[in-house]
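Chemist: entry-v3.tsv is reproduced in full below (TSV, C-alpha atoms).
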chain	number	residue	atom	x	y	z
A	1	MET	CA	-110.75	-78.45	9.32
A	2	ASN	CA	-107.05	-78.53	10.04
A	3	ASN	CA	-105.92	-77.90	13.59
A	4	SER	CA	-102.20	-78.39	13.51
A	5	LYS	CA	-100.34	-77.74	16.76
A	6	ASP	CA	-98.34	-75.10	15.00
A	7	LYS	CA	-100.08	-71.77	15.63
A	8	ASN	CA	-99.31	-70.41	12.21
A	9	LYS	CA	-100.93	-73.34	10.51
A	10	ILE	CA	-104.26	-72.81	12.21
A	11	LYS	CA	-106.99	-72.36	9.64
A	12	LEU	CA	-110.52	-73.06	10.82
A	13	GLU	CA	-113.85	-72.81	9.10
A	14	TYR	CA	-117.33	-73.42	10.50
A	15	SER	CA	-120.73	-73.05	8.98
A	16	ILE	CA	-123.37	-71.44	11.16
A	17	ILE	CA	-127.02	-72.31	10.73
A	18	SER	CA	-129.76	-69.71	10.97
A	19	ASN	CA	-132.05	-70.04	14.02
A	20	ASP	CA	-130.09	-73.00	15.43
A	21	PHE	CA	-130.16	-71.83	19.05
A	22	LYS	CA	-129.37	-75.30	20.37
A	23	ARG	CA	-125.91	-75.38	18.86
A	24	ALA	CA	-125.22	-71.64	18.95
A	25	GLY	CA	-121.97	-71.21	20.83
A	26	GLU	CA	-120.40	-74.51	19.83
A	27	THR	CA	-118.19	-72.91	17.20
A	28	SER	CA	-116.75	-70.42	19.67
A	29	SER	CA	-116.28	-73.17	22.21
A	30	ASN	CA	-114.38	-75.24	19.65
A	31	ILE	CA	-112.19	-72.31	18.59
A	32	LYS	CA	-111.42	-71.57	22.23
A	33	SER	CA	-110.20	-75.06	22.98
A	34	ILE	CA	-108.04	-75.22	19.83
A	35	LEU	CA	-106.35	-71.90	20.66
A	36	LYS	CA	-105.79	-73.11	24.22
A	37	LYS	CA	-104.05	-76.24	22.96
A	38	VAL	CA	-101.50	-74.26	20.94
A	39	GLY	CA	-100.70	-72.07	23.94
A	40	ILE	CA	-102.14	-68.71	22.95
A	41	ASP	CA	-102.37	-66.26	25.87
A	42	ASN	CA	-105.59	-66.55	27.90
A	43	LYS	CA	-106.42	-62.85	27.58
A	44	VAL	CA	-106.19	-63.11	23.79
A	45	ILE	CA	-108.27	-66.28	23.77
A	46	ARG	CA	-110.93	-64.53	25.81
A	47	LYS	CA	-111.17	-61.70	23.27
A	48	VAL	CA	-111.33	-64.16	20.38
A	49	ALA	CA	-114.00	-66.20	22.18
A	50	ILE	CA	-116.16	-63.14	22.84
A	51	VAL	CA	-115.80	-61.93	19.24
A	52	THR	CA	-116.63	-65.32	17.71
A	53	TYR	CA	-119.51	-65.95	20.14
A	54	GLU	CA	-121.16	-62.59	19.44
A	55	ALA	CA	-120.59	-63.03	15.68
A	56	GLU	CA	-122.01	-66.55	15.86
A	57	MET	CA	-125.10	-65.35	17.74
A	58	ASN	CA	-125.57	-62.55	15.20
A	59	ILE	CA	-125.52	-65.03	12.32
A	60	VAL	CA	-127.93	-67.38	14.13
A	61	ILE	CA	-130.30	-64.56	15.10
A	62	HIS	CA	-130.27	-62.19	12.15
A	63	SER	CA	-129.16	-63.98	8.97
A	64	TYR	CA	-130.14	-66.83	6.67
A	65	GLY	CA	-126.93	-68.65	7.67
A	66	GLY	CA	-123.24	-68.10	7.15
A	67	ASN	CA	-119.76	-69.05	8.21
A	68	ILE	CA	-116.91	-68.10	10.50
A	69	LYS	CA	-113.29	-68.49	9.45
A	70	LEU	CA	-110.29	-68.05	11.68
A	71	MET	CA	-106.61	-68.11	10.92
A	72	VAL	CA	-103.40	-67.18	12.68
A	73	GLU	CA	-101.00	-65.03	10.69
A	74	GLY	CA	-97.81	-63.86	12.39
A	75	ASN	CA	-98.94	-62.18	15.61
A	76	ASN	CA	-102.52	-61.76	14.50
A	77	ILE	CA	-105.64	-63.83	14.77
A	78	ILE	CA	-107.81	-63.04	11.78
A	79	ILE	CA	-111.52	-63.71	11.98
A	80	ASN	CA	-113.89	-63.51	9.05
A	81	ALA	CA	-117.61	-63.78	9.71
A	82	TYR	CA	-119.83	-63.87	6.67
A	83	ASP	CA	-123.58	-64.33	6.38
A	84	LYS	CA	-126.23	-64.41	3.71
A	85	GLY	CA	-128.74	-61.55	3.97
A	86	PRO	CA	-130.90	-59.72	4.75
A	87	GLY	CA	-128.10	-57.37	5.79
A	88	ILE	CA	-127.97	-54.45	8.20
A	89	GLU	CA	-130.00	-51.45	7.13
A	90	ASP	CA	-128.08	-48.83	9.06
A	91	ILE	CA	-124.59	-49.86	10.20
A	92	SER	CA	-123.96	-46.75	12.30
A	93	LEU	CA	-127.15	-47.46	14.27
A	94	ALA	CA	-126.20	-51.14	14.66
A	95	MET	CA	-122.85	-50.07	16.11
A	96	LYS	CA	-124.59	-48.06	18.85
A	97	GLU	CA	-124.81	-49.73	22.25
A	98	GLY	CA	-128.41	-50.57	22.99
A	99	TYR	CA	-129.73	-50.49	19.43
A	100	SER	CA	-131.26	-53.80	18.38
A	101	THR	CA	-133.71	-55.24	15.88
A	102	ALA	CA	-133.93	-58.59	17.66
A	103	THR	CA	-137.28	-60.23	18.39
A	104	ASP	CA	-138.70	-60.88	21.87
A	105	GLU	CA	-137.87	-64.57	21.45
A	106	VAL	CA	-134.20	-63.71	21.04
A	107	ARG	CA	-134.32	-61.33	24.01
A	108	GLU	CA	-135.68	-64.13	26.14
A	109	LEU	CA	-132.45	-66.00	25.43
A	110	GLY	CA	-130.48	-63.11	26.91
A	111	PHE	CA	-129.41	-61.64	23.59
A	112	GLY	CA	-130.68	-58.82	21.43
A	113	ALA	CA	-129.62	-56.15	23.90
A	114	GLY	CA	-127.83	-54.24	21.19
A	115	MET	CA	-124.40	-55.00	22.60
A	116	GLY	CA	-123.13	-57.55	20.08
A	117	LEU	CA	-121.34	-55.42	17.48
A	118	PRO	CA	-120.06	-52.86	20.03
A	119	ASN	CA	-118.66	-55.78	22.08
A	120	ILE	CA	-116.98	-57.24	19.02
A	121	LYS	CA	-115.39	-53.91	18.16
A	122	LYS	CA	-114.21	-53.41	21.73
A	123	CYS	CA	-112.36	-56.74	21.71
A	124	SER	CA	-110.77	-56.17	18.27
A	125	ASP	CA	-107.53	-54.47	17.28
A	126	TYR	CA	-108.88	-54.06	13.75
A	127	PHE	CA	-112.58	-54.13	12.88
A	128	LYS	CA	-114.31	-53.74	9.53
A	129	ILE	CA	-117.96	-54.30	8.70
A	130	GLU	CA	-119.66	-54.34	5.31
A	131	SER	CA	-123.32	-55.04	4.75
A	132	SER	CA	-125.80	-55.10	1.90
A	133	THR	CA	-129.05	-56.92	1.20
A	134	GLU	CA	-126.86	-59.82	0.02
A	135	GLY	CA	-125.35	-60.25	3.46
A	136	THR	CA	-122.92	-59.00	6.06
A	137	ARG	CA	-119.18	-59.44	6.33
A	138	LEU	CA	-117.01	-58.80	9.38
A	139	LEU	CA	-113.23	-58.72	9.33
A	140	ILE	CA	-111.56	-58.71	12.71
A	141	LYS	CA	-107.94	-58.85	13.77
A	142	ILE	CA	-106.77	-59.52	17.29
A	143	SER	CA	-103.04	-59.18	17.98
A	144	PHE	CA	-101.04	-61.16	20.51
B	1	MET	CA	-115.16	-66.85	49.45
B	2	LYS	CA	-115.59	-70.54	48.71
B	3	LEU	CA	-118.36	-71.66	46.44
B	4	ARG	CA	-119.62	-73.79	49.33
B	5	GLU	CA	-120.11	-70.66	51.49
B	6	ILE	CA	-122.07	-69.05	48.66
B	7	GLN	CA	-124.26	-72.13	48.53
B	8	ASN	CA	-124.86	-71.93	52.31
B	9	ILE	CA	-125.59	-68.19	52.37
B	10	LEU	CA	-128.16	-68.57	49.60
B	11	GLY	CA	-129.53	-71.91	50.83
B	12	ALA	CA	-128.97	-73.00	47.24
B	13	GLU	CA	-129.46	-76.44	45.78
B	14	VAL	CA	-126.47	-77.69	43.75
B	15	ILE	CA	-127.54	-79.11	40.40
B	16	THR	CA	-124.18	-79.76	38.73
B	17	GLY	CA	-120.51	-79.44	39.68
B	18	GLU	CA	-120.76	-80.55	43.33
B	19	ASP	CA	-117.04	-81.45	43.10
B	20	PHE	CA	-115.99	-77.83	42.61
B	21	LEU	CA	-117.52	-76.35	45.78
B	22	ASN	CA	-114.07	-75.76	47.30
B	23	LYS	CA	-113.15	-73.28	44.58
B	24	ASP	CA	-112.35	-69.72	45.68
B	25	ILE	CA	-114.58	-67.02	44.24
B	26	GLN	CA	-113.46	-63.39	44.02
B	27	SER	CA	-116.49	-61.59	42.71
B	28	ALA	CA	-120.01	-61.78	41.34
B	29	PHE	CA	-122.23	-60.29	38.68
B	30	GLY	CA	-126.00	-60.30	38.32
B	31	SER	CA	-127.61	-60.01	34.89
B	32	ASP	CA	-130.04	-61.50	32.42
B	33	LEU	CA	-128.20	-59.96	29.48
B	34	MET	CA	-125.56	-62.33	28.17
B	35	SER	CA	-123.85	-59.61	26.11
B	36	ASP	CA	-123.36	-57.64	29.32
B	37	VAL	CA	-121.94	-60.70	31.01
B	38	LEU	CA	-119.48	-61.09	28.13
B	39	THR	CA	-117.92	-57.72	28.98
B	40	LEU	CA	-116.76	-59.07	32.37
B	41	VAL	CA	-113.06	-59.35	32.93
B	42	ASP	CA	-112.84	-60.98	36.33
B	43	GLU	CA	-111.60	-64.54	36.14
B	44	LYS	CA	-112.88	-66.07	39.36
B	45	ALA	CA	-116.41	-64.80	39.14
B	46	ILE	CA	-119.90	-66.22	39.46
B	47	LEU	CA	-123.06	-65.12	37.71
B	48	LEU	CA	-126.47	-64.74	39.31
B	49	THR	CA	-129.22	-64.79	36.72
B	50	GLY	CA	-132.91	-65.27	36.16
B	51	LEU	CA	-132.22	-66.53	32.68
B	52	ASN	CA	-132.83	-70.24	32.38
B	53	ASN	CA	-131.58	-71.52	29.02
B	54	PRO	CA	-128.42	-73.21	27.65
B	55	GLN	CA	-126.94	-69.87	26.51
B	56	ILE	CA	-125.99	-69.16	30.14
B	57	ILE	CA	-123.64	-72.16	30.08
B	58	ARG	CA	-122.21	-71.15	26.70
B	59	THR	CA	-121.55	-67.67	28.08
B	60	ALA	CA	-119.96	-69.13	31.22
B	61	GLU	CA	-117.69	-71.22	29.07
B	62	ILE	CA	-116.61	-68.32	26.84
B	63	ILE	CA	-115.44	-66.18	29.77
B	64	ASP	CA	-114.50	-68.99	32.19
B	65	LEU	CA	-117.12	-68.26	34.84
B	66	PHE	CA	-116.80	-70.58	37.83
B	67	ALA	CA	-120.47	-70.97	38.62
B	68	ILE	CA	-123.99	-69.88	37.79
B	69	ILE	CA	-126.71	-69.34	40.37
B	70	LEU	CA	-130.26	-69.41	39.10
B	71	VAL	CA	-132.49	-67.13	41.16
B	72	ARG	CA	-136.18	-67.27	42.12
B	73	GLY	CA	-136.19	-71.06	42.36
B	74	LYS	CA	-135.84	-71.70	38.65
B	75	THR	CA	-135.35	-75.32	37.66
B	76	PRO	CA	-133.27	-75.89	34.55
B	77	GLU	CA	-134.32	-78.17	31.72
B	78	GLU	CA	-132.46	-81.38	30.97
B	79	ASP	CA	-130.49	-79.93	28.01
B	80	LEU	CA	-129.16	-77.09	30.16
B	81	ILE	CA	-128.10	-79.53	32.91
B	82	LYS	CA	-126.38	-81.78	30.38
B	83	LEU	CA	-124.44	-78.87	28.90
B	84	ALA	CA	-123.40	-77.66	32.39
B	85	GLU	CA	-122.09	-81.15	33.22
B	86	GLU	CA	-120.24	-81.37	29.94
B	87	LYS	CA	-118.61	-77.95	30.38
B	88	LYS	CA	-117.90	-78.56	34.10
B	89	VAL	CA	-119.80	-75.47	35.22
B	90	THR	CA	-121.25	-75.47	38.74
B	91	LEU	CA	-124.96	-74.74	38.56
B	92	MET	CA	-127.09	-73.94	41.61
B	93	THR	CA	-130.60	-72.71	42.18
B	94	THR	CA	-131.81	-70.49	45.02
B	95	ASN	CA	-135.31	-69.41	45.99
B	96	HIS	CA	-134.15	-65.82	46.62
B	97	THR	CA	-134.77	-63.13	44.01
B	98	LEU	CA	-131.83	-61.61	42.12
B	99	TYR	CA	-131.88	-58.55	44.37
B	100	THR	CA	-132.00	-60.46	47.66
B	101	ALA	CA	-129.44	-63.07	46.59
B	102	SER	CA	-127.03	-60.31	45.50
B	103	GLY	CA	-127.60	-58.38	48.75
B	104	LEU	CA	-126.97	-61.45	50.88
B	105	LEU	CA	-123.68	-62.21	49.13
B	106	TYR	CA	-122.55	-58.58	49.16
B	107	SER	CA	-123.23	-58.15	52.86
B	108	ASN	CA	-121.21	-61.29	53.48
B	109	GLY	CA	-118.20	-59.77	51.74
B	110	LEU	CA	-118.50	-60.89	48.11
B	111	ARG	CA	-117.97	-57.83	45.92
B	112	GLY	CA	-119.06	-57.11	42.35
B	113	VAL	CA	-116.76	-57.68	39.39
B	114	LYS	CA	-114.50	-54.87	38.22
B	115	LEU	CA	-115.50	-53.63	34.80
B	116	ASP	CA	-112.92	-53.21	32.07
B	117	GLU	CA	-113.30	-49.52	31.28
Step by step, read the file and then write its structure as structure tokens.
Modeler:
Amino acid sequence: MNNSKDKNKIKLEYSIISNDFKRAGETSSNIKSILKKVGIDNKVIRKVAIVTYEAEMNIVIHSYGGNIKLMVEGNNIIINAYDKGPGIEDISLAMKEGYSTATDEVRELGFGAGMGLPNIKKCSDYFKIESSTEGTRLLIKISF
Amino acid sequence: MKLREIQNILGAEVITGEDFLNKDIQSAFGSDLMSDVLTLVDEKAILLTGLNNPQIIRTAEIIDLFAIILVRGKTPEEDLIKLAEEKKVTLMTTNHTLYTASGLLYSNGLRGVKLDE
């Protein structure tokens, strides 16, 4: 990981472990504090934090593990979230507020309300999702 | 409204963040759904929740919530308390239910958060 003070040199990568509810959220917390240090606007940081936190929870809850990458390019923060399977069966359903395939255990943690992907999209200036049985990939851009 | 007044109105016990009780609070939100909480925009807000696990502190950190009030007398586990201390989040617990705690604060002038729609 390289967290240079120069915004445009920020390039972060974190691996996210499946079912690791204890540490879920640490990646987003780390990203948030790094962006704060280089002086990115608080409103932008908030969007990035929400996007990475929801993406992180999705990987922990639904996948066999994955990673989150973040880089700053010009006036954009680019976030890539990738996970290994099982993939999303119906993306248009998953994008609907309230639709969820999460277990009761996950709901007890306060997640699995079917708000994750819609929340991510809402906070993004550009949002792309691809999913197959191999895994799911999110590409998000947030401008500042 | 100061956090200390909120504590008094709810007869709440402060678990972490006693040093921040002089902070000014503008609004409040009550929910057990963390994804709903993440849609909040208000900066100086508190959360009332029946959810009692470390994800409430993570969520508070992500959106800079000032404090979390656990309702119905819930006592947090050690890992939740440790995380709250580390992230400097004020954590309190009240014996009131979510509905009563919210009503008490509202009738004392603390309004709900404005939603970003």
Chemist: Pull the closest atom pair for each residue of chain A that gets at most 7 Å from chain B, along with the distance in Å to one decimal, counting all atoms listed in the file, ordering rows by chain and then ascending residue number, as a Markdown table.
Modeler:
| residue | atom | partner | partner_atom | distance |
| --- | --- | --- | --- | --- |
| A:Gly25 | CA | B:Arg58 | CA | 5.9 |
| A:Ser29 | CA | B:Ile62 | CA | 6.7 |
| A:Arg46 | CA | B:Ile63 | CA | 6.2 |
| A:Ala49 | CA | B:Ile62 | CA | 5.7 |
| A:Ile50 | CA | B:Ile62 | CA | 6.6 |
| A:Leu109 | CA | B:Asn53 | CA | 6.6 |
| A:Gly110 | CA | B:Leu33 | CA | 4.7 |
| A:Phe111 | CA | B:Met34 | CA | 6.0 |
| A:Ala113 | CA | B:Leu33 | CA | 6.9 |
| A:Met115 | CA | B:Ser35 | CA | 5.8 |
| A:Gly116 | CA | B:Ser35 | CA | 6.4 |
Chemist: Just give me the gap between atom CA of B:Lys74 and atom CA of B:Thr97 in Å, one decimal is fine.
Modeler: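 Rounded to one decimal, the two atoms are 10.2 Å apart.
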Chemist: Contacts of B:Val113 at 7 Å or less, counting all atoms listed in the file, minus same-chain residues fewer than 6 places along, as a list in words?
Modeler: Ser27, Ala28, Phe29 and Asp42 of chain B
Chemist: Restricting the calculation to only C-alpha atoms, which member of A:Val106, A:Gly66, A:Ala55, A:Val60 is positioned closest to A:Ile140?
Modeler: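 Nearest candidate to A:Ile140 out of A:Val106, A:Gly66, A:Ala55, A:Val60: A:Ala55.
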Chemist: Rank nothing, just name the residue among A:Ser131, A:Thr136, A:Ser18, A:Asn80 nearest to A:Ile68, using all atoms listed in the file.
Modeler: A:Asn80
